[in-house]
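Engineer: So that you have it, the file is input-v9.cif, and it contains mmCIF, C-alpha atoms:
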```
data_model
loop_
_atom_site.label_atom_id
_atom_site.label_comp_id
_atom_site.auth_asym_id
_atom_site.auth_seq_id
_atom_site.Cartn_x
_atom_site.Cartn_y
_atom_site.Cartn_z
CA MET J 927 -1.68 -30.65 154.04
CA ILE J 928 -1.61 -34.19 152.64
CA LEU J 929 -2.38 -32.83 149.17
CA ALA J 930 0.28 -30.14 149.63
CA GLY J 931 2.92 -32.66 150.61
CA THR J 932 2.03 -34.97 147.73
CA GLY J 933 2.00 -32.11 145.23
CA TYR J 934 5.38 -30.73 146.29
CA THR J 935 6.92 -34.22 146.30
CA LEU J 936 5.71 -34.99 142.77
CA ALA J 937 6.95 -31.56 141.62
CA SER J 938 10.35 -32.44 143.11
CA VAL J 939 10.40 -35.72 141.19
CA CYS J 940 9.62 -33.94 137.90
CA THR J 941 12.33 -31.36 138.68
CA ARG J 942 14.86 -34.09 139.45
CA GLU J 943 14.16 -35.71 136.09
CA LEU J 944 14.65 -32.41 134.19
CA SER J 945 17.54 -30.94 136.19
CA SER J 946 20.20 -32.42 133.93
CA GLU J 947 18.68 -30.86 130.80
CA TYR J 948 17.46 -27.45 131.95
CA SER J 949 18.78 -24.76 134.28
CA THR J 950 17.18 -24.02 137.62
CA ALA J 951 16.21 -20.54 136.37
CA GLN J 952 14.44 -21.95 133.31
CA LEU J 953 12.56 -24.53 135.38
CA ALA J 954 11.35 -21.76 137.70
CA PHE J 955 10.18 -19.70 134.70
CA MET J 956 8.34 -22.60 133.07
CA ARG J 957 6.71 -23.45 136.38
CA ALA J 958 5.41 -19.86 136.64
CA VAL J 959 4.05 -19.94 133.07
CA ILE J 960 2.14 -23.15 133.74
CA ALA J 961 0.79 -21.84 137.05
CA ILE J 962 -0.54 -18.72 135.31
CA ALA J 963 -2.24 -20.90 132.69
CA PHE J 964 -4.13 -22.58 135.52
CA VAL J 965 -5.14 -19.38 137.36
CA MET J 966 -6.08 -17.32 134.28
CA PRO J 967 -9.53 -18.95 133.88
CA MET J 968 -10.39 -17.85 137.43
CA ILE J 969 -9.36 -14.26 136.65
CA LEU J 970 -11.16 -14.17 133.29
CA ARG J 971 -14.31 -15.62 134.80
CA ASN J 972 -14.47 -13.17 137.71
CA GLY J 973 -12.84 -10.12 136.11
CA LEU J 974 -9.73 -8.16 137.09
CA SER J 975 -11.54 -6.86 140.18
CA VAL J 976 -10.88 -10.23 141.81
CA MET J 977 -7.19 -9.24 141.95
CA SER J 978 -7.78 -6.13 144.04
CA THR J 979 -5.63 -6.02 147.16
CA THR J 980 -4.56 -3.51 149.80
CA VAL J 981 -1.32 -5.29 150.66
CA PHE J 982 0.52 -5.45 147.33
CA PRO J 983 4.00 -4.86 148.90
CA MET J 984 3.45 -7.96 151.04
CA HIS J 985 2.66 -9.94 147.88
CA VAL J 986 5.96 -8.74 146.38
CA LEU J 987 7.87 -9.78 149.52
CA ARG J 988 6.17 -13.16 149.49
CA ALA J 989 7.04 -13.63 145.79
CA CYS J 990 10.72 -12.74 146.41
CA LEU J 991 10.95 -15.29 149.21
CA THR J 992 9.13 -17.88 147.10
CA TYR J 993 11.48 -17.33 144.15
CA GLY J 994 14.56 -17.71 146.33
CA GLY J 995 13.12 -20.79 147.99
CA MET J 996 12.20 -22.32 144.65
CA MET J 997 15.68 -21.79 143.22
CA CYS J 998 17.17 -23.53 146.26
CA TRP J 999 14.50 -26.26 146.09
CA PHE J 1000 15.10 -27.03 142.41
CA TYR J 1001 18.86 -27.11 142.92
CA ALA J 1002 18.68 -29.31 146.02
CA VAL J 1003 16.46 -32.03 144.53
CA GLY J 1004 18.78 -32.17 141.55
CA VAL J 1005 21.82 -33.20 143.60
CA ILE J 1006 20.57 -35.03 146.74
CA PRO J 1007 17.96 -37.78 147.22
CA VAL J 1008 14.38 -36.49 147.28
CA SER J 1009 13.74 -38.09 150.67
CA ASP J 1010 16.87 -36.47 152.19
CA TYR J 1011 15.72 -33.09 150.89
CA THR J 1012 12.26 -33.65 152.36
CA ALA J 1013 13.73 -34.66 155.73
CA LEU J 1014 15.88 -31.52 155.92
CA LEU J 1015 12.86 -29.41 154.95
CA TYR J 1016 11.25 -30.37 158.28
CA ILE J 1017 13.38 -27.62 159.80
CA GLN J 1018 10.96 -25.15 158.14
CA PRO J 1019 8.41 -25.04 161.03
CA ILE J 1020 11.24 -24.25 163.45
CA PHE J 1021 12.36 -21.32 161.29
CA THR J 1022 8.72 -20.20 161.16
CA ILE J 1023 8.56 -20.22 164.96
CA LEU J 1024 11.86 -18.33 165.18
CA PHE J 1025 10.52 -15.66 162.82
CA ALA J 1026 7.39 -15.37 164.94
CA MET J 1027 9.52 -14.75 168.02
CA LEU J 1028 12.24 -12.55 166.52
CA ILE J 1029 10.23 -10.59 163.92
CA LEU J 1030 6.69 -10.59 165.27
CA ARG J 1031 7.92 -10.39 168.88
CA GLU J 1032 5.74 -13.28 169.99
CA PRO J 1033 6.67 -14.49 173.52
CA ALA J 1034 8.52 -17.77 173.98
CA GLY J 1035 9.48 -19.67 177.11
CA ALA J 1036 12.27 -22.07 177.97
CA ARG J 1037 10.33 -25.04 176.59
CA THR J 1038 10.07 -23.43 173.18
CA TRP J 1039 13.76 -22.59 173.01
CA GLY J 1040 14.59 -26.11 174.20
CA ALA J 1041 12.45 -27.68 171.48
CA ILE J 1042 14.12 -25.46 168.88
CA ALA J 1043 17.53 -26.67 170.06
CA VAL J 1044 16.32 -30.28 169.77
CA ALA J 1045 15.10 -29.63 166.21
CA PHE J 1046 18.47 -28.24 165.16
CA ALA J 1047 20.07 -31.32 166.72
CA GLY J 1048 17.80 -33.38 164.47
CA ALA J 1049 19.12 -31.51 161.45
CA LEU J 1050 22.68 -32.26 162.60
CA ILE J 1051 21.78 -35.97 162.82
CA ILE J 1052 20.83 -35.86 159.14
CA LEU J 1053 23.82 -33.75 158.08
CA ARG J 1054 26.34 -35.51 160.39
CA PRO J 1055 29.09 -32.88 160.02
CA GLY J 1056 32.50 -34.46 160.42
CA PHE J 1057 31.17 -37.90 159.48
CA GLN J 1058 30.05 -37.17 155.93
CA GLU J 1059 30.63 -34.39 153.43
CA ILE J 1060 28.10 -31.59 153.67
CA ASN J 1061 27.40 -30.65 150.06
CA LEU J 1062 25.70 -27.63 148.52
CA GLY J 1063 22.53 -29.63 148.01
CA MET J 1064 22.11 -30.06 151.77
CA ILE J 1065 22.79 -26.37 152.36
CA ALA J 1066 20.27 -25.50 149.64
CA ALA J 1067 17.68 -27.72 151.33
CA LEU J 1068 18.16 -25.87 154.63
CA ALA J 1069 17.99 -22.54 152.78
CA THR J 1070 14.72 -23.68 151.21
CA GLY J 1071 13.29 -24.27 154.68
CA LEU J 1072 14.47 -20.85 155.83
CA LEU J 1073 12.98 -19.01 152.84
CA PHE J 1074 9.71 -20.93 152.85
CA ALA J 1075 9.37 -20.18 156.57
CA GLY J 1076 9.44 -16.53 155.53
CA VAL J 1077 6.76 -17.36 152.96
CA ASN J 1078 4.59 -18.91 155.68
CA THR J 1079 5.00 -15.80 157.81
CA THR J 1080 3.89 -13.50 155.00
CA MET J 1081 0.99 -15.83 154.12
CA LYS J 1082 -0.35 -15.43 157.65
CA PHE J 1083 -0.62 -11.69 156.99
CA LEU J 1084 -2.03 -12.11 153.48
CA SER J 1085 -4.68 -14.65 154.47
CA ARG J 1086 -6.30 -12.03 156.70
CA THR J 1087 -7.29 -9.88 153.72
CA ASP J 1088 -6.96 -11.95 150.53
CA SER J 1089 -8.33 -15.34 149.44
CA PRO J 1090 -6.01 -18.31 148.74
CA ALA J 1091 -6.79 -18.03 145.00
CA VAL J 1092 -5.73 -14.36 144.90
CA ILE J 1093 -2.56 -15.10 146.90
CA VAL J 1094 -1.60 -17.88 144.48
CA ALA J 1095 -2.42 -15.71 141.44
CA TYR J 1096 -0.21 -12.83 142.59
CA VAL J 1097 2.76 -15.02 143.41
CA SER J 1098 2.46 -16.75 140.00
CA PHE J 1099 2.52 -13.46 138.05
CA LEU J 1100 5.34 -12.00 140.13
CA MET J 1101 7.37 -15.19 139.85
CA LEU J 1102 7.07 -14.93 136.07
CA VAL J 1103 8.57 -11.42 136.21
CA PHE J 1104 11.40 -12.39 138.57
CA SER J 1105 12.42 -15.50 136.63
CA ALA J 1106 12.16 -14.15 133.06
CA VAL J 1107 15.61 -12.54 132.77
CA PRO J 1108 17.65 -15.35 134.42
CA ALA J 1109 15.77 -17.91 132.32
CA TRP J 1110 16.60 -15.98 129.13
CA PHE J 1111 20.35 -16.18 129.86
CA TYR J 1112 20.24 -19.95 130.49
CA TRP J 1113 17.49 -20.93 128.06
CA THR J 1114 17.35 -24.32 126.35
CA ASP J 1115 14.51 -25.01 123.91
CA PRO J 1116 12.21 -27.57 125.59
CA LEU J 1117 11.83 -30.96 123.90
CA TRP J 1118 8.36 -32.34 123.26
CA ARG J 1119 9.23 -35.52 125.14
CA ASP J 1120 9.83 -33.42 128.27
CA MET J 1121 6.50 -31.58 128.14
CA PRO J 1122 4.65 -33.98 130.49
CA LEU J 1123 7.31 -33.45 133.16
CA ILE J 1124 7.40 -29.68 132.58
CA LEU J 1125 3.62 -29.54 132.92
CA GLY J 1126 3.94 -31.72 136.00
CA ILE J 1127 6.25 -29.23 137.73
CA GLY J 1128 3.75 -26.42 137.29
CA ALA J 1129 0.61 -28.43 138.04
CA PHE J 1130 1.94 -30.29 141.08
CA ALA J 1131 3.66 -27.22 142.57
CA LEU J 1132 0.46 -25.21 142.11
CA LEU J 1133 -1.51 -27.98 143.82
CA GLY J 1134 0.91 -27.90 146.74
CA GLN J 1135 0.89 -24.11 146.93
CA TYR J 1136 -2.88 -23.76 146.85
CA SER J 1137 -3.39 -26.63 149.30
CA ILE J 1138 -0.99 -25.31 151.92
CA THR J 1139 -2.37 -21.77 151.54
CA ARG J 1140 -5.85 -23.17 152.09
CA ALA J 1141 -4.72 -25.26 155.06
CA ILE J 1142 -3.08 -22.30 156.79
CA ALA J 1143 -6.17 -20.16 156.19
CA VAL J 1144 -8.78 -22.58 157.57
CA ALA J 1145 -7.09 -24.76 160.22
CA GLU J 1146 -4.93 -24.37 163.29
CA ALA J 1147 -1.27 -25.27 162.94
CA ARG J 1148 -1.43 -27.91 165.67
CA ILE J 1149 -4.12 -29.74 163.66
CA ILE J 1150 -2.45 -29.71 160.24
CA GLN J 1151 1.20 -30.10 161.27
CA PRO J 1152 1.15 -33.89 161.94
CA PHE J 1153 -0.16 -34.55 158.44
CA ASP J 1154 2.94 -32.91 156.92
CA PHE J 1155 4.98 -35.90 158.08
CA SER J 1156 3.28 -37.95 155.34
CA ARG J 1157 5.47 -36.04 152.88
CA LEU J 1158 8.61 -37.90 153.95
CA ILE J 1159 6.92 -41.27 153.51
CA THR J 1160 5.66 -40.28 150.06
CA ALA J 1161 9.08 -38.95 149.06
CA ALA J 1162 10.84 -42.11 150.25
CA ILE J 1163 8.47 -44.39 148.32
CA ILE J 1164 8.58 -42.34 145.10
CA GLY J 1165 12.35 -41.84 145.35
CA TRP J 1166 12.86 -45.58 145.72
CA ILE J 1167 10.50 -46.49 142.84
CA VAL J 1168 11.59 -43.81 140.36
CA PHE J 1169 15.28 -43.24 141.16
CA GLY J 1170 16.26 -46.29 143.21
CA GLU J 1171 17.18 -43.95 146.08
CA SER J 1172 17.06 -44.90 149.74
CA SER J 1173 17.67 -42.83 152.85
CA ASP J 1174 19.72 -44.21 155.70
CA LEU J 1175 18.53 -44.66 159.27
CA TYR J 1176 20.08 -41.35 160.37
CA THR J 1177 17.88 -39.42 157.94
CA TRP J 1178 14.72 -41.00 159.35
CA ILE J 1179 15.84 -40.50 162.96
CA GLY J 1180 16.76 -36.87 162.31
CA ALA J 1181 13.48 -36.19 160.51
CA LEU J 1182 11.53 -37.73 163.40
CA VAL J 1183 13.43 -35.62 165.95
CA ILE J 1184 12.76 -32.41 163.97
CA PHE J 1185 9.10 -33.30 163.49
CA CYS J 1186 8.51 -34.13 167.16
CA ALA J 1187 10.21 -30.92 168.29
CA SER J 1188 8.21 -28.84 165.82
CA TYR J 1189 4.93 -30.43 166.80
CA TYR J 1190 5.70 -30.06 170.52
CA VAL J 1191 6.27 -26.33 170.16
CA ILE J 1192 3.13 -25.79 168.10
CA ALA J 1193 0.94 -27.93 170.39
CA PHE J 1194 2.39 -26.34 173.53
CA GLU J 1195 1.98 -22.79 172.26
CA ARG J 1196 -1.59 -23.45 171.16
CA LYS J 1197 -2.44 -25.00 174.50
CA GLY J 1198 -0.98 -21.97 176.23
CA ASN J 1199 -3.10 -19.65 174.11
CA HIS J 1200 -6.25 -21.54 175.11
#
```
With the file now loaded, output its structure as C-alpha coordinates.

Structural biologist:
Amino acid sequence: MILAGTGYTLASVCTRELSSEYSTAQLAFMRAVIAIAFVMPMILRNGLSVMSTTVFPMHVLRACLTYGGMMCWFYAVGVIPVSDYTALLYIQPIFTILFAMLILREPAGARTWGAIAVAFAGALIILRPGFQEINLGMIAALATGLLFAGVNTTMKFLSRTDSPAVIVAYVSFLMLVFSAVPAWFYWTDPLWRDMPLILGIGAFALLGQYSITRAIAVAEARIIQPFDFSRLITAAIIGWIVFGESSDLYTWIGALVIFCASYYVIAFERKGNH
(Lines of atoms letter the chains of each structure in order from A and count residues from 1; the text may use other names and numbers.)
(Lines give C-alpha, C1' and ligand atoms only; values in the text may rest on other atoms or scores of the structure.)
Protein backbone atom coordinates (compact mmCIF):
# COMPACT_ATOMS: atom_id res chain seq x y z
CA MET A 1 0.00 0.00 0.00
CA ILE A 2 2.89 2.38 0.70
CA LEU A 3 4.36 1.60 -2.72
CA ALA A 4 0.94 2.03 -4.32
CA GLY A 5 0.43 5.43 -2.72
CA THR A 6 3.91 6.58 -3.69
CA GLY A 7 3.52 5.32 -7.26
CA TYR A 8 0.15 7.00 -7.81
CA THR A 9 1.40 10.27 -6.28
CA LEU A 10 4.47 10.38 -8.53
CA ALA A 11 2.27 9.56 -11.55
CA SER A 12 0.04 12.49 -10.56
CA VAL A 13 3.06 14.80 -10.42
CA CYS A 14 4.19 13.72 -13.91
CA THR A 15 0.63 14.21 -15.19
CA ARG A 16 0.43 17.67 -13.64
CA GLU A 17 3.64 18.66 -15.41
CA LEU A 18 2.35 17.45 -18.81
CA SER A 19 -1.30 18.52 -18.54
CA SER A 20 -0.70 21.89 -20.18
CA GLU A 21 0.90 20.32 -23.26
CA TYR A 22 -1.12 17.16 -23.86
CA SER A 23 -4.78 16.21 -23.63
CA THR A 24 -6.11 13.92 -20.94
CA ALA A 25 -7.02 11.33 -23.61
CA GLN A 26 -3.48 11.30 -25.01
CA LEU A 27 -1.93 10.96 -21.56
CA ALA A 28 -4.18 7.97 -20.86
CA PHE A 29 -3.16 6.37 -24.17
CA MET A 30 0.56 6.90 -23.60
CA ARG A 31 0.24 5.53 -20.09
CA ALA A 32 -1.35 2.35 -21.50
CA VAL A 33 1.40 1.95 -24.12
CA ILE A 34 4.12 2.21 -21.48
CA ALA A 35 2.31 -0.21 -19.16
CA ILE A 36 2.10 -2.78 -21.96
CA ALA A 37 5.83 -2.38 -22.62
CA PHE A 38 6.43 -3.40 -19.01
CA VAL A 39 4.06 -6.40 -18.98
CA MET A 40 4.99 -7.80 -22.40
CA PRO A 41 8.20 -9.50 -21.16
CA MET A 42 6.11 -11.45 -18.64
CA ILE A 43 3.73 -12.60 -21.38
CA LEU A 44 6.52 -13.49 -23.83
CA ARG A 45 8.41 -15.40 -21.16
CA ASN A 46 5.43 -17.47 -20.03
CA GLY A 47 3.48 -17.69 -23.29
CA LEU A 48 -0.04 -16.56 -24.16
CA SER A 49 -1.47 -19.30 -21.93
CA VAL A 50 -0.65 -17.09 -18.94
CA MET A 51 -3.47 -14.77 -20.11
CA SER A 52 -6.16 -17.44 -19.91
CA THR A 53 -9.15 -16.36 -17.85
CA THR A 54 -12.72 -17.45 -17.22
CA VAL A 55 -13.96 -13.99 -16.24
CA PHE A 56 -13.14 -11.86 -19.28
CA PRO A 57 -16.35 -9.73 -19.02
CA MET A 58 -15.28 -8.73 -15.51
CA HIS A 59 -11.91 -7.63 -16.90
CA VAL A 60 -13.74 -5.47 -19.45
CA LEU A 61 -15.89 -3.89 -16.72
CA ARG A 62 -12.82 -3.25 -14.60
CA ALA A 63 -11.05 -1.64 -17.59
CA CYS A 64 -14.05 0.64 -18.31
CA LEU A 65 -14.12 1.82 -14.70
CA THR A 66 -10.34 2.27 -14.70
CA TYR A 67 -10.45 4.33 -17.91
CA GLY A 68 -13.16 6.60 -16.55
CA GLY A 69 -11.34 6.98 -13.26
CA MET A 70 -8.07 7.74 -15.01
CA MET A 71 -9.63 10.43 -17.19
CA CYS A 72 -11.06 12.10 -14.08
CA TRP A 73 -7.75 11.62 -12.23
CA PHE A 74 -5.64 13.19 -14.98
CA TYR A 75 -8.04 16.12 -15.29
CA ALA A 76 -8.25 16.72 -11.53
CA VAL A 77 -4.50 16.82 -10.87
CA GLY A 78 -4.14 19.27 -13.74
CA VAL A 79 -6.36 21.91 -12.13
CA ILE A 80 -6.21 21.45 -8.33
CA PRO A 81 -3.28 20.91 -5.93
CA VAL A 82 -2.04 17.32 -5.82
CA SER A 83 -2.51 17.15 -2.05
CA ASP A 84 -6.12 18.40 -2.30
CA TYR A 85 -6.84 15.74 -4.92
CA THR A 86 -5.30 13.08 -2.69
CA ALA A 87 -7.34 14.23 0.31
CA LEU A 88 -10.61 14.05 -1.64
CA LEU A 89 -9.64 10.60 -2.92
CA TYR A 90 -9.92 9.30 0.66
CA ILE A 91 -13.65 9.10 0.02
CA GLN A 92 -12.88 6.04 -2.15
CA PRO A 93 -13.03 3.45 0.71
CA ILE A 94 -16.45 4.79 1.69
CA PHE A 95 -17.74 4.33 -1.86
CA THR A 96 -16.25 0.83 -1.81
CA ILE A 97 -18.19 0.03 1.37
CA LEU A 98 -21.37 1.50 -0.13
CA PHE A 99 -20.97 -0.71 -3.21
CA ALA A 100 -20.49 -3.72 -0.97
CA MET A 101 -23.75 -2.95 0.81
CA LEU A 102 -25.87 -1.83 -2.15
CA ILE A 103 -24.51 -4.10 -4.91
CA LEU A 104 -23.20 -7.14 -3.06
CA ARG A 105 -25.97 -6.93 -0.46
CA GLU A 106 -23.54 -7.15 2.44
CA PRO A 107 -25.23 -6.33 5.79
CA ALA A 108 -24.53 -3.03 7.51
CA GLY A 109 -25.60 -1.70 10.90
CA ALA A 110 -26.20 1.76 12.29
CA ARG A 111 -22.52 2.21 13.13
CA THR A 112 -21.51 1.66 9.52
CA TRP A 113 -24.07 4.12 8.17
CA GLY A 114 -23.03 6.63 10.84
CA ALA A 115 -19.37 6.34 9.87
CA ILE A 116 -20.29 6.82 6.21
CA ALA A 117 -22.15 10.01 7.12
CA VAL A 118 -19.08 11.23 9.02
CA ALA A 119 -16.86 10.51 6.01
CA PHE A 120 -19.09 12.54 3.71
CA ALA A 121 -18.96 15.33 6.29
CA GLY A 122 -15.18 15.15 5.99
CA ALA A 123 -15.47 15.63 2.24
CA LEU A 124 -17.67 18.68 2.85
CA ILE A 125 -14.99 20.11 5.17
CA ILE A 126 -12.54 19.94 2.28
CA LEU A 127 -14.98 21.26 -0.33
CA ARG A 128 -16.59 23.87 1.98
CA PRO A 129 -19.60 24.56 -0.28
CA GLY A 130 -20.81 28.12 0.17
CA PHE A 131 -17.42 29.25 1.49
CA GLN A 132 -15.32 28.57 -1.58
CA GLU A 133 -16.01 27.84 -5.23
CA ILE A 134 -16.40 24.15 -5.99
CA ASN A 135 -14.63 23.68 -9.31
CA LEU A 136 -14.68 20.84 -11.82
CA GLY A 137 -11.34 19.60 -10.53
CA MET A 138 -12.86 18.86 -7.12
CA ILE A 139 -15.84 17.12 -8.72
CA ALA A 140 -13.46 15.10 -10.90
CA ALA A 141 -11.50 14.06 -7.80
CA LEU A 142 -14.70 12.77 -6.15
CA ALA A 143 -15.66 11.01 -9.40
CA THR A 144 -12.22 9.37 -9.41
CA GLY A 145 -12.90 7.98 -5.95
CA LEU A 146 -16.30 6.69 -7.05
CA LEU A 147 -14.96 4.97 -10.17
CA PHE A 148 -11.90 3.51 -8.47
CA ALA A 149 -14.16 2.14 -5.73
CA GLY A 150 -15.89 0.24 -8.53
CA VAL A 151 -12.45 -0.93 -9.65
CA ASN A 152 -11.71 -2.22 -6.15
CA THR A 153 -15.00 -4.10 -6.11
CA THR A 154 -14.27 -5.83 -9.42
CA MET A 155 -10.69 -6.61 -8.31
CA LYS A 156 -12.06 -8.52 -5.34
CA PHE A 157 -13.84 -10.81 -7.80
CA LEU A 158 -10.89 -11.05 -10.18
CA SER A 159 -8.33 -11.83 -7.47
CA ARG A 160 -10.21 -15.04 -6.67
CA THR A 161 -9.35 -16.56 -10.06
CA ASP A 162 -6.55 -14.52 -11.67
CA SER A 163 -3.09 -13.42 -10.49
CA PRO A 164 -2.23 -9.72 -9.98
CA ALA A 165 0.06 -9.85 -13.05
CA VAL A 166 -2.75 -11.14 -15.28
CA ILE A 167 -5.20 -8.56 -13.91
CA VAL A 168 -2.74 -5.74 -14.64
CA ALA A 169 -1.97 -7.12 -18.12
CA TYR A 170 -5.62 -7.27 -19.14
CA VAL A 171 -6.44 -3.78 -17.93
CA SER A 172 -3.37 -2.40 -19.77
CA PHE A 173 -4.38 -3.94 -23.12
CA LEU A 174 -8.02 -2.94 -22.75
CA MET A 175 -7.07 0.60 -21.73
CA LEU A 176 -5.03 0.87 -24.92
CA VAL A 177 -8.12 -0.04 -26.96
CA PHE A 178 -10.43 2.36 -25.09
CA SER A 179 -8.06 5.34 -25.26
CA ALA A 180 -6.82 4.97 -28.86
CA VAL A 181 -9.65 6.79 -30.66
CA PRO A 182 -9.99 9.77 -28.25
CA ALA A 183 -6.20 10.16 -28.24
CA TRP A 184 -6.14 10.25 -32.05
CA PHE A 185 -8.58 13.19 -32.13
CA TYR A 186 -6.54 15.21 -29.60
CA TRP A 187 -3.04 14.04 -30.51
CA THR A 188 0.04 16.22 -30.11
CA ASP A 189 3.42 14.82 -31.16
CA PRO A 190 5.42 14.20 -27.95
CA LEU A 191 8.62 16.19 -27.48
CA TRP A 192 11.82 14.37 -26.55
CA ARG A 193 12.26 16.59 -23.51
CA ASP A 194 8.94 15.28 -22.16
CA MET A 195 9.80 11.60 -22.55
CA PRO A 196 11.07 11.12 -18.96
CA LEU A 197 7.78 12.45 -17.59
CA ILE A 198 5.72 10.41 -20.08
CA LEU A 199 7.63 7.28 -19.09
CA GLY A 200 7.13 8.26 -15.47
CA ILE A 201 3.33 8.32 -15.84
CA GLY A 202 3.28 4.77 -17.16
CA ALA A 203 5.93 3.33 -14.83
CA PHE A 204 4.67 4.94 -11.62
CA ALA A 205 0.99 4.24 -12.37
CA LEU A 206 1.85 0.61 -13.15
CA LEU A 207 3.77 0.38 -9.87
CA GLY A 208 0.74 1.73 -8.01
CA GLN A 209 -1.68 -0.55 -9.85
CA TYR A 210 0.34 -3.72 -9.31
CA SER A 211 1.07 -2.86 -5.67
CA ILE A 212 -2.54 -2.21 -4.71
CA THR A 213 -3.71 -5.31 -6.61
CA ARG A 214 -1.14 -7.34 -4.70
CA ALA A 215 -2.10 -5.74 -1.38
CA ILE A 216 -5.81 -6.49 -1.85
CA ALA A 217 -5.01 -10.08 -2.83
CA VAL A 218 -2.76 -10.97 0.12
CA ALA A 219 -3.82 -8.83 3.10
CA GLU A 220 -6.96 -7.88 4.98
CA ALA A 221 -8.33 -4.40 4.40
CA ARG A 222 -8.09 -3.47 8.08
CA ILE A 223 -4.33 -4.16 7.95
CA ILE A 224 -3.47 -2.25 4.77
CA GLN A 225 -5.89 0.68 5.07
CA PRO A 226 -3.89 2.74 7.63
CA PHE A 227 -0.85 2.72 5.36
CA ASP A 228 -2.82 4.47 2.60
CA PHE A 229 -2.79 7.63 4.71
CA SER A 230 0.92 7.98 3.89
CA ARG A 231 -0.19 9.02 0.40
CA LEU A 232 -1.43 12.40 1.61
CA ILE A 233 1.85 13.13 3.38
CA THR A 234 3.83 12.16 0.27
CA ALA A 235 1.57 14.26 -1.96
CA ALA A 236 1.86 17.29 0.32
CA ILE A 237 5.67 17.10 0.43
CA ILE A 238 6.08 16.56 -3.33
CA GLY A 239 3.46 19.19 -4.17
CA TRP A 240 5.27 21.72 -2.00
CA ILE A 241 8.73 20.91 -3.40
CA VAL A 242 7.79 20.63 -7.09
CA PHE A 243 4.89 23.07 -7.49
CA GLY A 244 5.09 25.27 -4.40
CA GLU A 245 1.58 24.12 -3.46
CA SER A 246 0.26 23.93 0.08
CA SER A 247 -3.04 22.65 1.43
CA ASP A 248 -4.91 24.57 4.08
CA LEU A 249 -5.87 23.27 7.51
CA TYR A 250 -9.39 22.36 6.35
CA THR A 251 -8.00 19.91 3.78
CA TRP A 252 -5.96 18.10 6.43
CA ILE A 253 -8.85 18.05 8.91
CA GLY A 254 -11.27 16.76 6.26
CA ALA A 255 -8.83 14.09 5.11
CA LEU A 256 -8.31 12.94 8.71
CA VAL A 257 -12.08 12.75 9.29
CA ILE A 258 -12.60 10.69 6.11
CA PHE A 259 -9.68 8.41 6.94
CA CYS A 260 -10.80 7.78 10.53
CA ALA A 261 -14.37 7.03 9.41
CA SER A 262 -13.16 4.67 6.70
CA TYR A 263 -10.81 2.84 9.03
CA TYR A 264 -13.49 2.57 11.73
CA VAL A 265 -15.92 0.89 9.35
CA ILE A 266 -13.33 -1.54 8.02
CA ALA A 267 -11.98 -2.41 11.49
CA PHE A 268 -15.49 -2.76 12.94
CA GLU A 269 -16.75 -4.94 10.10
CA ARG A 270 -13.69 -7.19 10.28
CA LYS A 271 -14.05 -7.53 14.03
CA GLY A 272 -17.68 -8.46 13.55
CA ASN A 273 -16.74 -11.13 11.02
CA HIS A 274 -14.31 -12.68 13.50

Engineer: Taking all atoms listed in the file into account, produce a table as a tab-separated table in which each residue of region 1100-1165 of chain J with an atom at most 8 Å from an atom of region 1011-1028 of chain J appears once, together with its shortest atom pair and the distance in Å to one decimal, ordered by chain and rising number.

Structural biologist:
```
residue	atom	partner	partner_atom	distance
J:Arg1157	CA	J:Thr1012	CA	7.2
J:Leu1158	CA	J:Thr1012	CA	5.8
J:Ala1161	CA	J:Thr1012	CA	7.0
```

Engineer: Care to translate the PyMOL selection byres ((chain J and resi 932-935) around 6) into actual residues of this file, as an mmCIF file with C-alpha atoms, keeping the file's coordinate frame?

Structural biologist:
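Once everything was written out, this is out-v2.cif:
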```
data_model
loop_
_atom_site.group_PDB
_atom_site.id
_atom_site.type_symbol
_atom_site.label_atom_id
_atom_site.label_comp_id
_atom_site.auth_asym_id
_atom_site.auth_seq_id
_atom_site.Cartn_x
_atom_site.Cartn_y
_atom_site.Cartn_z
ATOM 1 C CA LEU J 929 -2.380 -32.830 149.170
ATOM 2 C CA ALA J 930 0.280 -30.140 149.630
ATOM 3 C CA GLY J 931 2.920 -32.660 150.610
ATOM 4 C CA LEU J 936 5.710 -34.990 142.770
ATOM 5 C CA ALA J 937 6.950 -31.560 141.620
ATOM 6 C CA SER J 938 10.350 -32.440 143.110
ATOM 7 C CA PHE J 1130 1.940 -30.290 141.080
ATOM 8 C CA ALA J 1131 3.660 -27.220 142.570
ATOM 9 C CA LEU J 1133 -1.510 -27.980 143.820
ATOM 10 C CA GLY J 1134 0.910 -27.900 146.740
ATOM 11 C CA ALA J 1161 9.080 -38.950 149.060
#
```

Engineer: Just want the 9 Å neighbourhood of Cys990 (chain J), counted on only C-alpha atoms, with same-chain residues fewer than 5 positions away dropped. Output as a ChimeraX atom specification.

Structural biologist: /J:985,995,1077,1097,1100-1101,1104

Engineer: Carefully work through the PyMOL selection byres ((chain J and resi 1181-1186) around 8) for this structure and note down the residues it includes, as a ChimeraX atom specification.

Structural biologist: /J:1013-1014,1016-1017,1044-1049,1052,1155,1177-1180,1187-1190

Engineer: Which distance in Å separates CA of Tyr1096 (chain J) and CA of Phe1000 (chain J), to one decimal?

Structural biologist: 20.9 Å

Engineer: Carefully work through the PyMOL selection byres ((chain J and resi 1080) around 10) for this structure and note down the residues it includes, as an NGL selection string.

Structural biologist: :J and (984-985 or 987-989 or 991 or 1074-1079 or 1081-1085)

Engineer: At most 12 Å from (8.0, -28.5, 132.4), file frame, only C-alpha atoms: which residues, as number ranges by chain?

Structural biologist: J: 937-945, 947-950, 952-961, 1114-1131

Engineer: When distances are computed from all atoms listed in the file, which of J:Met996, J:Ser946, J:Thr1139, J:Ile1163 shows the smallest separation from Ala1095 (chain J)?

Structural biologist: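 With all atoms listed in the file as the atom set, the closest residue is J:Thr1139.
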
Engineer: Have a look at CA of Met1064 (chain J) and CA of Ile1006 (chain J) and let me know their distance in Å, one decimal.

Structural biologist: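 Interatomic distance here is 7.2 Å.
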
Engineer: Let me know the centre plus edge lengths, in Å and rounded to one decimal, of a box with edges along x, y and z that contains all listed atoms of region 960-975 of chain J and is padded by 3 Å on every side, as AutoDock Vina command-line options.

Structural biologist:
```
--center_x -6.2 --center_y -15.0 --center_z 136.4 --size_x 22.6 --size_y 22.3 --size_z 13.5
```

Engineer: Quick one: distance from CA of Thr980 (chain J) to CA of Ile1029 (chain J) in Å, one decimal?

Structural biologist: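 So the two atoms, CA of Thr980 (chain J) and CA of Ile1029 (chain J), lie 21.6 Å apart.
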
Engineer: Restricting the calculation to all atoms listed in the file: of J:Trp1166, J:Ile1065, J:Ala1002, J:Ala951, which residue gets closest to Phe1111 (chain J)?

Structural biologist: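 Closest residue, counting all atoms listed in the file: J:Ala951.
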